[in-house]
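Asks: Below is a structure I'd like to ask you about.
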Amino acid sequence: MSRKLGELVKHLNGKLKNGDPEMRIQGIAPFDHAQPGWITFAIDKKILPRMNETRADAIICGKQFEDRPDIEKTLVIVDNPYAGFAKAAQLFFPPPPPPMGVHQHATVGESVSLGKNISIHPGVVIGNQSSIGDNVIIRANTVIGDNVIIGNDTLIYPNVTILDNCQIGSRVIIHSGTVIGCDGFGFAPDGDIYEKVPQSGIVRIDDDVELGANNTIDRATFGQTWIKKGVKTDNQVHIAHNVVIGENTILVAQVGIAGSAKLGKHCVVAGQAGLSGHLNIGDHVTIGPKAGVAQSIKDHQVVSGNVAMPHQIWLKVQTIIPKLPELKKQIARIEKQIAAWGKTD
Amino acid sequence: MSRKLGELVKHLNGKLKNGDPEMRIQGIAPFDHAQPGWITFAIDKKILPRMNETRADAIICGKQFEDRPDIEKTLVIVDNPYAGFAKAAQLFFPPPPPPMGVHQHATVGESVSLGKNISIHPGVVIGNQSSIGDNVIIRANTVIGDNVIIGNDTLIYPNVTILDNCQIGSRVIIHSGTVIGCDGFGFAPDGDIYEKVPQSGIVRIDDDVELGANNTIDRATFGQTWIKKGVKTDNQVHIAHNVVIGENTILVAQVGIAGSAKLGKHCVVAGQAGLSGHLNIGDHVTIGPKAGVAQSIKDHQVVSGNVAMPHQIWLKVQTIIPKLPELKKQIARIEKQIAAWGKTD
Amino acid sequence: MSRKLGELVKHLNGKLKNGDPEMRIQGIAPFDHAQPGWITFAIDKKILPRMNETRADAIICGKQFEDRPDIEKTLVIVDNPYAGFAKAAQLFFPPPPPPMGVHQHATVGESVSLGKNISIHPGVVIGNQSSIGDNVIIRANTVIGDNVIIGNDTLIYPNVTILDNCQIGSRVIIHSGTVIGCDGFGFAPDGDIYEKVPQSGIVRIDDDVELGANNTIDRATFGQTWIKKGVKTDNQVHIAHNVVIGENTILVAQVGIAGSAKLGKHCVVAGQAGLSGHLNIGDHVTIGPKAGVAQSIKDHQVVSGNVAMPHQIWLKVQTIIPKLPELKKQIARIEKQIAAWGKTD
């Protein structure tokens with residue numbers, strides 16, 4: 001699976017320096033672990049001053065190395081070295097094995113439409129009237145309900161559950177243990193008990209989404225819970241019914257988003273943050289780790305803390321909280337002094 | 001699956017106004033999405049002033065519309081319109097397909113008792129000596145251990161795990177990825193290492209409980225972890241060993257409850273809250289989102305914050321926290337003034 | 001499954017008092033639930049003053065009872081009664097059923113190495129080139145990827161997922177729903193979209209680890225995510241790519257640890273705490289419940305709160321937070337008084 005250096009440079013839309021495009025590259029590895037014959041990358045600031053020290057034959061790096069005669073190594077100079085590294089690493093990642101078709105230990109329901117070049121692994125169960133696109137891989141023991149639609153080139157890891165009527169786009173990746181289309185949490189108090197509100201909507205996952213492991217994404221009460229194109233979620237993310245997540249938004253591990261919240265595009269919600277229901281979060285919003293968001297947020301804001309506040313304020317607040325015992329004493333001293341003066345007045 | 005309006009009115013114990021009980025209703029949908037021939041509901045305050053604007057043929061609503069000649073629409077007037085909506089929606093929800101019996105790709109152990117009209121989907125594994133009630137549906141790839149008892153009319157979604165000796169009531173719903181009866185987290189420090197404390201108890205889930213997706217409910221060390229009648233949990237809830245959850249208590253997503261805590265009936269624990277072990281939480285207690293509860297709580301209290309405090313105090317506290325930097329400056333100014341005066345004294 | 005009392009005493013390395021080593025013990029149960037013929041244990045302080053009140057025939061207890069003629073009961077005196085109880089309970093725990101070999105409804109790939117006395121339950125899927133040690137039990141519907149190595153005497157509960165190339169040690173216990181080797185959360189921003197950073201590393205789980213239910217442990221970008229010997233995790237723990245967890249460290253439920261963090265040995269991270277990426281946490285560090293750790297921590301520290309601070313400070317801070325509204329009023333009063341004086345100056 002080696003690649004010609006020139007092919008790599010072209011794939012990254014980069015510029016080759018000090019190197020032979022015919023050189024063959026065997027793989028990619030971090031700066032201090034790469035072997036001769038491999039390519040590495042210079043992203044970490046600690047690496048930049050010691051570019052000549054890697055054993056790799058070539059380095060993916062940024063434009064600051066364009067006019068640096070002191071660097072003897074072969075360089076692949078790109079605009080965005082982190083993205084360049086990612087794209088290069090994709091080239092060296094082992095391709096999936098050839099499509100296996102439908103394994104004899106899989107169970108496929110009635111009137112299921114199956115695309116070309118699919119791999120349906122052992123133990124997979126697909127319900128009736130579902131449709132699976134071309135080049136789809138569904139790994140072992142995943143369950144697909146009835147009337148589910150899955151686009152092309154989608155990869156579903158083992159033990160995933162996609163329930164009835166949900167729609168999954170193309171080039172989607174879904175990691176193990178994730179549940180799509182479980183019921184939204186809707187109960188109407190009726191005297192002492194709760195009446196279940198039937199959840200008749202669906203989950204719609206658009207193209208190029210990647211969902212981490214053990215996510216839970218509830219179906220809508222009516223209509224759809226909607227994860228838009230390019231969204232990436234980490235593990236153990238919870239998305240409630242009727243939520244909409246805008247394009248290319250990032251949800252880090254253990255985030256929880258309550259019902260009917262709408263998030264814009266290009267947001268980042270850091271780990272263990274929680275959002276109340278029915279909020280409107282704008283585009284390009286950043287929400288800090290463990291933040292508790294109880295109000296809507298406009299575009300381009302950065303918030304942190306519980307209850308969430310502008311991040312710049314939270315940075316100050318978090319230095320003051322540990323000093324509260326001192327502050328309290330200080331106030332007591334002041335009050336005592338004032339009381340003493342007050343008496344003498 | 002259409003229903004006569006009169007039948008619906010009777011089911012909701014409601015009162016029909018401006019309508020023909022023989023009219024057929026095709027389905028139920030939200031106010032602005034309902035089509036002619038459908039019924040809708042008026043719960044949201046924003047809807048109430050524009051009751052005539054829906055395209056639906058009938059509206060489920062509250063008693064405030066009883067004497068409102070300006071409303072021309074057919075009304076189904078009920079005491080509790082949210083519960084009325086829920087019950088009406090249940091009527092229109094598609095019924096489960098006819099029972100499939102035991103699918104040929106399911107595995108049923110020895111001495112298993114199977115009720116009438118069951119559906120055991122492909123990939124289900126049921127251990128030995130277990131007992132499954134009437135009308136139970138166990139969806140694909142769910143695993144039931146040995147000596148498990150499941151009541152009647154219970155619905156278990158795909159990829160659930162119910163481990164040995166656990167007891168599940170009737171009319172219980174368990175969503176995908178949930179694990180019932182995993183070991184409680186018990187380890188005795190012994191020098192440098194930890195000795196495992198065997199977890200020999202069970203989990204008992206009473207009737208009419210609904211458990212969300214990817215919950216984890218630990219078996220007791222001895223005795224039982226007990227989820228009482230009518231409890232509803234959202235997704236990713238963690239319930240540790242020997243916990244008792246009282247009747248009709250609600251646990252919202254990502255709540256964690258540590259070992260041996262006891263919660264009363266009719267409590268609500270909001271999302272991402274955490275409760276320490278061995279606490280006693282009374283009846284009708286409300287715990288706010290992200291609250292950290294470290295002490296027992298009496299009946300009817302409402303608490304929030306970390307560490308949890310009375311909710312009314314937390315509401316004030318959360319407005320002050322972002323002002324701490326100002327408060328600190330204010331104190332510094334005061335101290336400076338006092339020092340200045342002190343010197344002149 | 002009864003045991004001779006003398007055998008039990010020897011197993012616990014204890015000392016028998018008032019008892020006959022030939023007496024047969026039928027089981028173990030808590031102090032107030034044990035029956036005649038059983039053994040119990042005295043750990044809880046509330047038990048210690050009423051040692052004669054149990055119906056059990058013998059009590060595991062600490063050395064403080066060595067010279068107590070008032071205690072008539074048969075005693076098994078040990079250095080560490082909690083660990084003694086754990087070890088005794090292990091003796092009475094029902095042994096696993098005899099090995100079943102590979103169930104006919106399991107699917108085993110090509111070139112798989114299977115040890116002696118294994119139990120591969122129905123619905124299990126094992127990929128190609130994997131290796132399963134002696135006495136391993138893999139319960140129903142668990143999926144093992146390609147090229148996975150599992151040591152001896154390891155127990156894997158139902159519906160677990162262990163993905164390609166991961167390595168699991170001996171005497172490991174993995175609870176249901178846990179995912180090992182899902183992709184780390186690595187994406188390089190590239191204009192409007194995110195490029196996936198391929199995750200080519202593995203997860204390595206050393207001997208004597210126990211992982212709770214519904215954990216997610218990401219594979220490394222390069223190299224390995226490493227859970228060292230004797231680590232115990234509770235349910236719903238998230239461990240990101242390239243994390244290292246030191247020996248005998250304890251992670252309580254719903255903890256999240258971001259990428260490349262290193263934890264030392266013998267740490268305890270309490271429930272719902274979160275650690276930022278790339279931190280260095282020393283040995284014997286304790287992190288409180290719901291703590292948000294954003295900085296590295298030296299050995300033997302105890303921290304709590306969000307953002308985490310020394311625990312002793314947090315204990316004071318948490319008593320002051322609910323008093324912030326009063327403090328604010330106090331400051332306003334002081335300022336008013338000072339302003340009044342200022343005017344008269």
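Identifiers in the structure tokens: chain A, B, ... in order shown; residue index from 1 per chain; ligand index from 1 in order shown.
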Would you kindly report the residues of chain A within 6 Å of chain B, using only C-alpha atoms, as a PyMOL selection string?
Replies: chain A and resi 185+188+190+197-198
Asks: Write out, as a CSV table (one decimal), in the first residue's frame, the residues just selected, with C-alpha atoms.
Replies:
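And here's selection-v6.csv as it stands now:
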```csv
chain,number,residue,atom,x,y,z
A,185,PHE,CA,-38.9,11.5,26.2
A,188,ALA,CA,-48.1,14.0,29.8
A,190,ASP,CA,-52.3,12.8,34.2
A,197,VAL,CA,-46.9,10.7,24.1
A,198,PRO,CA,-46.3,8.5,21.0
```
Asks: Select, from C:Ile287, C:Val76, C:Ile313, C:Met51, the residue with the minimum atom-to-atom distance to Lys15 in chain C, counting only C-alpha atoms.
Replies: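 Closest to Lys15 in chain C, using only C-alpha atoms: C:Val76.
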Asks: Identify all residues of range 15-142 of chain B in helix (DSSP H, G or I) (DSSP on the backbone) and supply them as a list in words.
Replies: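 Checking each residue of range 15-142 of chain B, the helix (DSSP H, G or I) ones are Leu48, Pro49, Arg50, Met51, Asn52, Glu53, Lys63, Gln64, Phe65, Pro81, Tyr82, Ala83, Gly84, Phe85, Ala86, Lys87, Ala88, Ala89, Gln90, Leu91 and Phe92 of chain B.
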Asks: Write down as a PyMOL selection string the residues belonging to range 46-267 of chain B that are assigned strand (DSSP E) by DSSP computed on the backbone.
Replies: chain B and resi 58-61+74-77+101-102+107-108+113-114+119-120+125-126+131-132+137-138+143-144+149-150+155-156+161-162+167-168+173-174+179-182+187-190+193-196+202-205+210-211+216-218+224-227+232-233+238-239+244-245+250-251+256-257+262-263
Asks: If you measure from CA of Gly191 in chain C to CA of Gly62 in chain A, what distance in Å do you get, rounded to one decimal?
Replies: 15.5 Å
